[in-house]
>>> print(open('protein30.tsv').read())   # TSV, C-alpha atoms
chain	number	residue	atom	x	y	z
A	877	MET	CA	-41.75	-51.78	-2.33
A	878	ILE	CA	-38.73	-50.05	-3.84
A	879	PRO	CA	-35.46	-51.39	-2.44
A	880	THR	CA	-33.17	-48.98	-0.57
A	881	PRO	CA	-30.14	-48.32	-2.78
A	882	ASP	CA	-27.15	-50.60	-2.32
A	883	LEU	CA	-24.43	-48.59	-0.55
A	884	SER	CA	-22.16	-51.54	0.26
A	885	HIS	CA	-19.39	-50.03	-1.89
A	886	LEU	CA	-19.05	-47.09	0.51
A	887	ALA	CA	-16.75	-47.53	3.49
A	888	ARG	CA	-16.12	-45.88	6.86
A	889	GLU	CA	-13.42	-43.82	5.18
A	890	ASP	CA	-15.96	-42.30	2.76
A	891	TYR	CA	-18.27	-41.38	5.62
A	892	GLN	CA	-15.51	-39.36	7.31
A	893	HIS	CA	-16.03	-36.74	4.59
A	894	VAL	CA	-19.48	-37.51	3.18
A	895	TYR	CA	-22.77	-37.65	5.07
A	896	GLU	CA	-23.86	-41.21	5.81
A	897	PRO	CA	-27.57	-41.81	5.16
A	898	ALA	CA	-29.53	-41.47	8.38
A	899	GLU	CA	-33.11	-40.85	9.52
A	900	ASP	CA	-33.38	-37.60	7.55
A	901	THR	CA	-32.36	-39.48	4.39
A	902	PHE	CA	-34.82	-42.28	5.06
A	903	ILE	CA	-37.78	-39.97	5.63
A	904	LEU	CA	-37.10	-38.45	2.19
A	905	LEU	CA	-36.95	-41.93	0.63
A	906	ASP	CA	-40.24	-42.78	2.32
A	907	ALA	CA	-41.88	-39.58	1.08
A	908	LEU	CA	-40.73	-40.33	-2.46
A	909	GLU	CA	-41.93	-43.91	-2.26
A	910	GLN	CA	-45.30	-42.64	-1.10
A	911	ASP	CA	-45.48	-40.56	-4.32
A	912	ALA	CA	-43.92	-43.25	-6.54
A	913	GLU	CA	-46.92	-43.70	-8.80
A	914	GLU	CA	-47.35	-39.96	-9.40
A	915	LEU	CA	-43.63	-39.57	-10.07
A	916	GLN	CA	-43.78	-42.34	-12.67
A	917	LYS	CA	-46.86	-40.84	-14.30
A	918	MET	CA	-45.41	-37.33	-14.59
A	919	LYS	CA	-42.48	-38.71	-16.67
A	920	PRO	CA	-39.90	-36.23	-15.42
A	921	SER	CA	-37.22	-35.34	-17.99
A	922	ILE	CA	-34.90	-33.73	-15.46
A	923	CYS	CA	-34.38	-34.64	-11.82
A	924	LEU	CA	-31.97	-32.46	-9.87
A	925	GLU	CA	-30.72	-33.15	-6.39
A	926	ILE	CA	-28.82	-30.51	-4.46
A	927	GLY	CA	-26.30	-31.96	-2.02
A	928	PRO	CA	-26.63	-35.66	-2.86
A	929	GLY	CA	-23.86	-36.72	-0.44
A	930	SER	CA	-23.71	-40.49	-0.84
A	931	GLY	CA	-26.07	-40.41	-3.84
A	932	CYS	CA	-28.61	-42.55	-2.01
A	933	VAL	CA	-31.67	-40.36	-2.73
A	934	SER	CA	-30.98	-39.74	-6.43
A	935	SER	CA	-30.34	-43.42	-6.92
A	936	PHE	CA	-33.67	-44.17	-5.25
A	937	VAL	CA	-35.52	-41.71	-7.50
A	938	GLY	CA	-33.81	-43.40	-10.44
A	939	SER	CA	-35.24	-46.76	-9.39
A	940	ILE	CA	-38.72	-45.22	-9.12
A	941	VAL	CA	-38.71	-43.34	-12.42
A	942	GLY	CA	-36.45	-45.69	-14.41
A	943	ALA	CA	-32.73	-45.60	-15.20
A	944	SER	CA	-33.21	-44.48	-18.81
A	945	ALA	CA	-36.40	-42.45	-18.31
A	946	SER	CA	-34.89	-39.23	-16.94
A	947	LEU	CA	-31.67	-37.27	-16.54
A	948	TYR	CA	-30.39	-37.43	-12.96
A	949	LEU	CA	-28.25	-34.39	-12.18
A	950	SER	CA	-26.79	-33.85	-8.74
A	951	CYS	CA	-24.81	-30.86	-7.50
A	952	ASP	CA	-22.57	-31.11	-4.46
A	953	ILE	CA	-20.03	-28.59	-3.21
A	954	ASN	CA	-18.02	-31.49	-1.73
A	955	SER	CA	-15.96	-33.22	-4.43
A	956	ARG	CA	-15.78	-36.41	-2.37
A	957	ALA	CA	-19.58	-36.49	-2.29
A	958	CYS	CA	-19.58	-36.21	-6.10
A	959	HIS	CA	-17.34	-39.28	-6.32
A	960	CYS	CA	-19.53	-41.23	-3.88
A	961	THR	CA	-22.62	-40.25	-5.86
A	962	LYS	CA	-21.05	-41.49	-9.08
A	963	ARG	CA	-20.06	-44.79	-7.48
A	964	THR	CA	-23.53	-45.22	-5.98
A	965	GLY	CA	-25.05	-44.67	-9.41
A	966	ASP	CA	-22.73	-47.32	-10.90
A	967	GLN	CA	-23.47	-49.75	-8.08
A	968	ASN	CA	-27.23	-49.38	-8.55
A	969	LYS	CA	-27.16	-49.10	-12.36
A	970	ILE	CA	-28.63	-45.59	-12.35
A	971	PRO	CA	-26.64	-43.09	-14.45
A	972	LEU	CA	-26.19	-40.26	-11.92
A	973	GLU	CA	-24.45	-37.12	-13.18
A	974	PRO	CA	-22.62	-35.43	-10.30
A	975	ILE	CA	-21.51	-31.84	-10.76
A	976	ASN	CA	-19.11	-30.26	-8.28
A	977	SER	CA	-20.83	-26.94	-7.63
A	978	SER	CA	-22.48	-24.78	-5.02
A	979	LEU	CA	-26.25	-25.34	-5.39
A	980	ALA	CA	-27.38	-25.22	-9.04
A	981	GLY	CA	-25.05	-22.34	-10.06
A	982	PRO	CA	-23.78	-23.53	-13.48
A	983	LEU	CA	-27.17	-25.03	-14.45
A	984	ALA	CA	-29.29	-21.99	-13.64
A	985	LEU	CA	-29.07	-20.40	-17.10
A	986	ARG	CA	-30.12	-23.52	-19.01
A	987	LEU	CA	-32.50	-25.08	-16.51
A	988	ARG	CA	-34.81	-22.10	-16.31
A	989	ARG	CA	-38.15	-23.58	-15.24
A	990	ALA	CA	-37.01	-26.98	-16.54
A	991	VAL	CA	-36.52	-29.10	-13.41
A	992	ASP	CA	-39.31	-31.62	-12.95
A	993	VAL	CA	-38.15	-33.16	-9.68
A	994	LEU	CA	-35.99	-31.05	-7.35
A	995	LEU	CA	-34.64	-32.63	-4.17
A	996	PHE	CA	-32.85	-31.08	-1.22
A	997	ASN	CA	-31.96	-32.59	2.11
A	998	PRO	CA	-30.16	-29.47	3.31
A	999	PRO	CA	-27.76	-28.73	6.14
A	1000	TYR	CA	-30.61	-27.94	8.54
A	1001	VAL	CA	-28.99	-28.05	11.97
A	1002	PRO	CA	-29.07	-24.65	13.71
A	1003	THR	CA	-25.51	-23.41	14.35
A	1004	HIS	CA	-23.73	-20.07	14.61
A	1005	ALA	CA	-24.05	-18.17	11.33
A	1006	ASN	CA	-20.29	-18.26	10.74
A	1007	GLU	CA	-20.21	-21.99	11.18
A	1008	ALA	CA	-22.54	-22.57	8.24
A	1009	GLY	CA	-20.61	-20.26	5.91
A	1010	ASP	CA	-17.27	-21.77	6.90
A	1011	ALA	CA	-18.68	-25.28	6.48
A	1012	GLN	CA	-19.77	-24.54	2.90
A	1013	CYS	CA	-16.34	-23.10	2.10
A	1014	GLY	CA	-14.71	-26.14	3.71
A	1015	ALA	CA	-16.73	-28.37	1.35
A	1016	ASP	CA	-16.43	-31.32	3.72
A	1017	ILE	CA	-18.81	-33.21	5.98
A	1018	ALA	CA	-19.73	-30.22	8.19
A	1019	GLY	CA	-21.27	-28.63	5.09
A	1020	SER	CA	-23.82	-31.42	5.07
A	1021	TRP	CA	-25.35	-30.40	8.41
A	1022	ALA	CA	-24.27	-26.94	9.66
A	1023	GLY	CA	-27.21	-24.70	8.82
A	1024	GLY	CA	-26.49	-21.40	10.57
A	1025	ALA	CA	-29.24	-19.33	12.21
A	1026	ASP	CA	-32.44	-21.41	12.46
A	1027	GLY	CA	-30.63	-24.00	10.30
A	1028	MET	CA	-31.91	-22.06	7.28
A	1029	GLN	CA	-28.84	-20.27	5.95
A	1030	VAL	CA	-28.23	-22.55	2.98
A	1031	THR	CA	-31.89	-23.52	2.47
A	1032	ASN	CA	-32.88	-19.85	2.19
A	1033	VAL	CA	-30.53	-19.39	-0.76
A	1034	LEU	CA	-32.13	-22.28	-2.62
A	1035	LEU	CA	-35.68	-21.23	-1.73
A	1036	GLU	CA	-35.08	-18.02	-3.65
A	1037	GLN	CA	-34.11	-20.04	-6.76
A	1038	VAL	CA	-36.94	-22.57	-6.76
A	1039	ASP	CA	-39.26	-20.40	-8.84
A	1040	GLU	CA	-36.54	-20.10	-11.51
A	1041	LEU	CA	-35.75	-23.82	-11.51
A	1042	LEU	CA	-39.06	-25.64	-11.20
A	1043	SER	CA	-40.87	-26.63	-14.42
A	1044	PRO	CA	-44.61	-25.97	-14.78
A	1045	VAL	CA	-45.34	-29.53	-13.60
A	1046	GLY	CA	-42.31	-29.68	-11.30
A	1047	ARG	CA	-42.23	-30.57	-7.65
A	1048	PHE	CA	-39.66	-29.84	-4.99
A	1049	TYR	CA	-39.09	-32.13	-2.02
A	1050	LEU	CA	-37.40	-30.43	0.93
A	1051	VAL	CA	-36.34	-32.00	4.23
A	1052	ALA	CA	-36.67	-29.77	7.29
A	1053	VAL	CA	-36.73	-29.95	11.08
A	1054	LYS	CA	-39.03	-28.21	13.51
A	1055	GLN	CA	-36.46	-25.49	14.33
A	1056	ASN	CA	-36.48	-24.43	10.66
A	1057	ASP	CA	-40.06	-23.15	11.14
A	1058	VAL	CA	-41.88	-25.35	8.65
A	1059	PRO	CA	-45.14	-23.31	8.67
A	1060	GLY	CA	-43.02	-20.20	8.02
A	1061	ILE	CA	-41.32	-21.84	5.00
A	1062	CYS	CA	-44.69	-22.83	3.57
A	1063	GLN	CA	-46.24	-19.40	4.13
A	1064	ARG	CA	-43.31	-17.65	2.50
A	1065	MET	CA	-43.29	-19.92	-0.58
A	1066	THR	CA	-47.06	-19.53	-0.97
A	1067	ARG	CA	-47.13	-15.78	-0.42
A	1068	GLU	CA	-44.10	-14.86	-2.54
A	1069	TYR	CA	-44.44	-17.33	-5.40
A	1070	GLY	CA	-47.93	-18.79	-5.19
A	1071	PHE	CA	-46.56	-22.29	-4.65
A	1072	ARG	CA	-48.58	-25.10	-3.15
A	1073	CYS	CA	-46.84	-26.48	-0.06
A	1074	GLU	CA	-47.73	-29.66	1.76
A	1075	VAL	CA	-46.05	-31.56	4.56
A	1076	THR	CA	-46.28	-35.08	3.14
A	1077	LEU	CA	-44.49	-36.87	5.95
A	1078	GLN	CA	-43.28	-36.10	9.45
A	1079	ARG	CA	-41.81	-38.14	12.27
A	1080	ARG	CA	-39.71	-37.88	15.39
A	1081	ALA	CA	-36.39	-39.69	15.20
A	1082	GLY	CA	-33.32	-39.50	17.43
A	1083	GLY	CA	-34.29	-36.20	19.07
A	1084	GLU	CA	-35.25	-34.54	15.77
A	1085	HIS	CA	-38.73	-33.73	14.49
A	1086	LEU	CA	-38.31	-34.30	10.75
A	1087	PHE	CA	-40.55	-33.09	7.94
A	1088	VAL	CA	-40.73	-33.55	4.17
A	1089	ILE	CA	-42.30	-30.56	2.43
A	1090	ARG	CA	-43.55	-30.97	-1.13
A	1091	ILE	CA	-43.67	-27.70	-3.04
A	1092	SER	CA	-45.31	-27.37	-6.46
A	1093	ARG	CA	-46.87	-24.73	-8.70
B	594	MET	CA	-19.39	-38.44	-16.22
B	595	VAL	CA	-19.74	-35.41	-18.39
B	596	ARG	CA	-21.98	-36.63	-21.18
B	597	LEU	CA	-23.05	-34.23	-23.90
B	598	ILE	CA	-26.55	-34.10	-22.41
B	599	THR	CA	-25.00	-32.54	-19.30
B	600	HIS	CA	-22.56	-30.35	-21.22
B	601	ASN	CA	-25.60	-28.91	-23.03
B	602	LEU	CA	-26.93	-27.66	-19.68
B	603	LEU	CA	-23.76	-26.15	-18.18
B	604	ALA	CA	-22.91	-22.47	-18.55
B	605	CYS	CA	-20.20	-20.26	-17.10
B	606	HIS	CA	-21.50	-18.65	-13.91
B	607	ALA	CA	-18.52	-16.53	-12.91
B	608	LYS	CA	-19.25	-13.06	-11.60
B	609	GLY	CA	-20.15	-10.63	-14.37
B	610	CYS	CA	-20.01	-13.30	-17.10
B	611	THR	CA	-23.55	-13.08	-18.44
B	612	SER	CA	-23.30	-13.16	-22.23
B	613	ASN	CA	-21.69	-15.60	-24.65
B	614	ASN	CA	-21.12	-17.84	-21.60
B	615	PHE	CA	-22.58	-20.95	-23.26
B	616	PRO	CA	-21.67	-23.50	-24.54
B	617	LEU	CA	-18.39	-24.20	-22.80
B	618	GLN	CA	-15.57	-25.29	-25.12
B	619	PHE	CA	-13.82	-28.61	-24.52
B	620	LYS	CA	-10.05	-28.71	-24.17
B	621	ASP	CA	-7.52	-31.58	-23.91
B	622	ILE	CA	-10.19	-34.16	-23.31
B	623	GLN	CA	-10.20	-37.92	-22.94
B	624	VAL	CA	-13.37	-39.67	-23.99
B	625	GLU	CA	-14.82	-43.09	-23.21
B	626	LEU	CA	-17.76	-44.73	-24.92
B	627	ARG	CA	-20.22	-46.68	-22.79
B	628	GLU	CA	-23.45	-48.24	-23.90
B	629	ALA	CA	-26.66	-46.86	-22.43
B	630	GLU	CA	-30.20	-48.17	-22.54
B	631	PHE	CA	-32.15	-46.66	-25.47
B	632	ASN	CA	-35.37	-44.90	-24.50
B	633	SER	CA	-37.15	-43.12	-27.35
B	634	ASP	CA	-39.81	-41.56	-25.09
B	635	PHE	CA	-37.10	-39.93	-23.00
B	636	LEU	CA	-35.30	-38.60	-26.09
B	637	ARG	CA	-38.48	-37.16	-27.60
B	638	GLY	CA	-39.36	-35.52	-24.28
B	639	PHE	CA	-35.87	-34.12	-23.80
B	640	LEU	CA	-35.40	-32.72	-27.30
B	641	PRO	CA	-37.15	-29.38	-26.62
B	642	ARG	CA	-34.65	-28.71	-23.82
B	643	ILE	CA	-31.60	-29.12	-26.05
B	644	GLU	CA	-29.74	-26.21	-27.59
B	645	TRP	CA	-29.26	-27.90	-30.94
B	646	ALA	CA	-26.39	-25.87	-32.38
B	647	ALA	CA	-24.41	-26.28	-29.14
B	648	LEU	CA	-24.95	-30.03	-29.20
B	649	VAL	CA	-23.86	-30.40	-32.82
B	650	ASP	CA	-20.82	-28.23	-32.21
B	651	ALA	CA	-19.83	-30.18	-29.08
B	652	SER	CA	-20.30	-33.55	-30.78
B	653	ARG	CA	-18.07	-32.43	-33.66
B	654	GLN	CA	-15.42	-31.27	-31.18
B	655	LEU	CA	-15.48	-34.86	-29.90
B	656	GLY	CA	-15.13	-36.28	-33.41
B	657	ASP	CA	-18.75	-37.41	-33.92
B	658	THR	CA	-20.29	-36.03	-37.11
B	659	SER	CA	-23.50	-38.08	-37.15
B	660	LEU	CA	-25.92	-35.25	-36.24
B	661	PRO	CA	-27.31	-32.91	-38.91
B	662	ALA	CA	-26.65	-29.17	-38.55
B	663	GLU	CA	-30.37	-28.48	-38.45
B	664	GLN	CA	-32.66	-30.34	-36.08
B	665	PRO	CA	-34.87	-32.58	-38.24
B	666	GLU	CA	-38.62	-32.30	-38.02
B	667	MET	CA	-39.17	-36.02	-38.45
B	668	LEU	CA	-37.93	-37.95	-35.44
B	669	ASP	CA	-37.37	-41.34	-37.04
B	670	ASP	CA	-35.64	-44.22	-35.34
B	671	ASP	CA	-32.37	-43.73	-37.20
B	672	PHE	CA	-32.15	-40.13	-36.00
B	673	LEU	CA	-33.11	-41.03	-32.42
B	674	GLN	CA	-30.41	-43.73	-32.33
B	675	LYS	CA	-27.79	-41.18	-33.37
B	676	LEU	CA	-29.11	-38.67	-30.85
B	677	HIS	CA	-29.05	-41.35	-28.15
B	678	HIS	CA	-25.41	-42.13	-28.85
B	679	VAL	CA	-24.30	-38.49	-28.90
B	680	LEU	CA	-26.23	-37.44	-25.80
B	681	LEU	CA	-25.79	-40.45	-23.56
B	682	GLU	CA	-22.94	-42.74	-24.62
B	683	ILE	CA	-19.97	-40.40	-25.04
B	684	HIS	CA	-18.36	-39.72	-21.66
B	685	VAL	CA	-15.75	-37.03	-21.21
B	686	GLU	CA	-13.58	-38.39	-18.42
B	687	GLU	CA	-10.67	-35.95	-18.28
B	688	GLY	CA	-9.89	-32.49	-19.60
B	689	ALA	CA	-11.50	-29.11	-19.19
B	690	MET	CA	-14.35	-26.87	-20.30
B	691	ILE	CA	-13.56	-23.26	-21.05
B	692	CYS	CA	-15.90	-20.29	-21.10
B	693	PRO	CA	-15.95	-18.69	-24.56
B	694	ASN	CA	-16.48	-15.28	-22.96
B	695	CYS	CA	-14.30	-14.95	-19.85
B	696	HIS	CA	-12.06	-18.00	-20.50
B	697	HIS	CA	-12.67	-19.42	-17.04
B	698	VAL	CA	-11.39	-23.02	-16.95
B	699	TYR	CA	-13.62	-25.71	-15.45
B	700	PRO	CA	-11.58	-28.92	-15.06
B	701	ILE	CA	-13.03	-32.40	-15.57
B	702	SER	CA	-11.44	-35.17	-13.52
B	703	ASN	CA	-12.60	-38.79	-13.22
B	704	GLY	CA	-15.68	-37.77	-15.18
B	705	ILE	CA	-16.73	-35.08	-12.69
B	706	PRO	CA	-16.83	-31.43	-13.75
B	707	ASN	CA	-15.45	-28.99	-11.21
B	708	MET	CA	-17.75	-25.98	-11.56
B	709	LEU	CA	-16.72	-24.34	-8.28
B	710	LEU	CA	-15.73	-20.69	-8.28
B	711	ALA	CA	-13.27	-18.90	-6.04
B	712	GLU	CA	-14.86	-16.51	-3.57
B	713	HIS	CA	-14.07	-13.40	-5.66
B	714	GLU	CA	-15.61	-15.01	-8.76
B	715	ILE	CA	-19.01	-15.72	-7.21
B	716	GLY	CA	-21.71	-13.43	-8.61
>>> encode(input="protein30.tsv", output="structure tokens")
Amino acid sequence: MIPTPDLSHLAREDYQHVYEPAEDTFILLDALEQDAEELQKMKPSICLEIGPGSGCVSSFVGSIVGASASLYLSCDINSRACHCTKRTGDQNKIPLEPINSSLAGPLALRLRRAVDVLLFNPPYVPTHANEAGDAQCGADIAGSWAGGADGMQVTNVLLEQVDELLSPVGRFYLVAVKQNDVPGICQRMTREYGFRCEVTLQRRAGGEHLFVIRISR
Amino acid sequence: MVRLITHNLLACHAKGCTSNNFPLQFKDIQVELREAEFNSDFLRGFLPRIEWAALVDASRQLGDTSLPAEQPEMLDDDFLQKLHHVLLEIHVEEGAMICPNCHHVYPISNGIPNMLLAEHEIG
């Protein structure tokens, strides 16, 4: 049993601008815990989380793999989320490296096929297309959930970069909801890149049907 | 915290800036040293991902001259200790990183690099 990261240093004020861990966060933690032994065995050198928000998930991966055993990079467009991620790392004694950026932009050149564990709990809620774009530009809490058409606007951009980012042994954990068309995501990633896609966990929570998809070469 | 391990992975990604955009040059920086847990397996595994010349250059910009110009073939404990310190214990807390090609300035504040681009700079 891996303890849920300590988030007691974060306050109501933080959660006005940064997504507070909820069911979608916890299903990702559960999926990672389910794979804990494999994650330890693969000895990942680089773990990269896109949109860490509070830093809860990266911190959890750090407790699975070991604080000094990997580099924990996390990219968030929201600068407040970067600060929360850093504080969560300090609180849980995992050295998390937040980078204030849109997706993996500034890392793409150097992390070509070098990411061993890629994590993304995206803004998956279906909204008007404009709402998702505006939310990313606003770089505040709406950017953590507003997903545009089918809730896939931001996820689609990352899906196109996974082949460039993932190392030969790498695995990508993606959170999705039913409206995102999970079978469609899997078919596309298999057909276009030859990836292996598996739904490793799914559950209904608070009106959402949540999935964790594990994508690997 | 911008440690040199992270600096070694960051490149300028402004629109049209596709050559000589790595490594970013430090400017007006404040550094803090913090101890980190030594893990030789991690260092050995990470070494192939490092751009050595960029790391040596960056460490010298920060006043650390412990690394040899050429990456040694023998990874003895003395070398790994030095590598550990340079990669993981030097934290750039304030300052900026500047693209050697297009001179875009990426500020560092409270140890967090701001790598965001304005809309017209996104490629």
>>> interface_residues(input="protein30.tsv", of="chain A", to="chain B", cutoff="9 Å", atoms="all atoms listed in the file", output="MDAnalysis selection string")
chainID A and resid 919:922 943:947 949 953 955 958:959 962 971:978 981:987 990 1013
>>> closest_residue(input="protein30.tsv", among="A:Leu883, A:Ile878, A:Arg1072, A:Pro928", to="Ala912 (chain A)", atoms="all atoms listed in the file")
A:Ile878
>>> residues_around(input="protein30.tsv", residues="Ile691 (chain B)", least_positions_apart="6", cutoff="6 Å", atoms="only C-alpha atoms", output="count of residues only")
4
>>> atom_distance(input="protein30.tsv", atom1="CA of Val1030 (chain A)", atom2="CA of Tyr1000 (chain A)")
8.1 Å
>>> atom_distance(input="protein30.tsv", atom1="CA of Val1075 (chain A)", atom2="CA of Leu979 (chain A)")
23.0 Å
>>> residues_around(input="protein30.tsv", residues="Val624 (chain B)", least_positions_apart="6", cutoff="9 Å", atoms="all atoms listed in the file", output="PyMOL selection string")
chain B and resi 655+683-687
>>> residues_around(input="protein30.tsv", residues="Ser884 (chain A)", least_positions_apart="2", cutoff="10 Å", atoms="all atoms listed in the file", output="list in words")
Pro881, Asp882, Leu886, Ala887, Thr964 and Gln967 of chain A
>>> residues_around(input="protein30.tsv", residues="Val1053 (chain A)", least_positions_apart="3", cutoff="9 Å", atoms="all atoms listed in the file", output="list in words")
Tyr1000, Val1001, Gly1027, Asn1056, Asp1057, Val1058, Glu1084, His1085, Leu1086, Phe1087 and Val1088 of chain A
>>> write_last_selection(input="protein30.tsv", atoms="C-alpha atoms", output="PDB file, in the coordinates of the input")
ATOM      1  CA  TYR A1000     -30.610 -27.940   8.540  1.00  0.00           C
ATOM      2  CA  VAL A1001     -28.990 -28.050  11.970  1.00  0.00           C
ATOM      3  CA  GLY A1027     -30.630 -24.000  10.300  1.00  0.00           C
ATOM      4  CA  ASN A1056     -36.480 -24.430  10.660  1.00  0.00           C
ATOM      5  CA  ASP A1057     -40.060 -23.150  11.140  1.00  0.00           C
ATOM      6  CA  VAL A1058     -41.880 -25.350   8.650  1.00  0.00           C
ATOM      7  CA  GLU A1084     -35.250 -34.540  15.770  1.00  0.00           C
ATOM      8  CA  HIS A1085     -38.730 -33.730  14.490  1.00  0.00           C
ATOM      9  CA  LEU A1086     -38.310 -34.300  10.750  1.00  0.00           C
ATOM     10  CA  PHE A1087     -40.550 -33.090   7.940  1.00  0.00           C
ATOM     11  CA  VAL A1088     -40.730 -33.550   4.170  1.00  0.00           C
TER      12      VAL A1088
END
>>> atom_distance(input="protein30.tsv", atom1="CA of Gly1009 (chain A)", atom2="CA of Val1033 (chain A)")
12.0 Å
>>> residues_around(input="protein30.tsv", residues="Ser659 (chain B)", least_positions_apart="2", cutoff="9 Å", atoms="all atoms listed in the file", output="PyMOL selection string")
chain B and resi 649+652-653+657+661+672+675-676+679
>>> closest_residue(input="protein30.tsv", among="B:Glu714, B:Ala651, B:Pro616, B:Gly609", to="Pro693 (chain B)", atoms="only C-alpha atoms")
B:Pro616
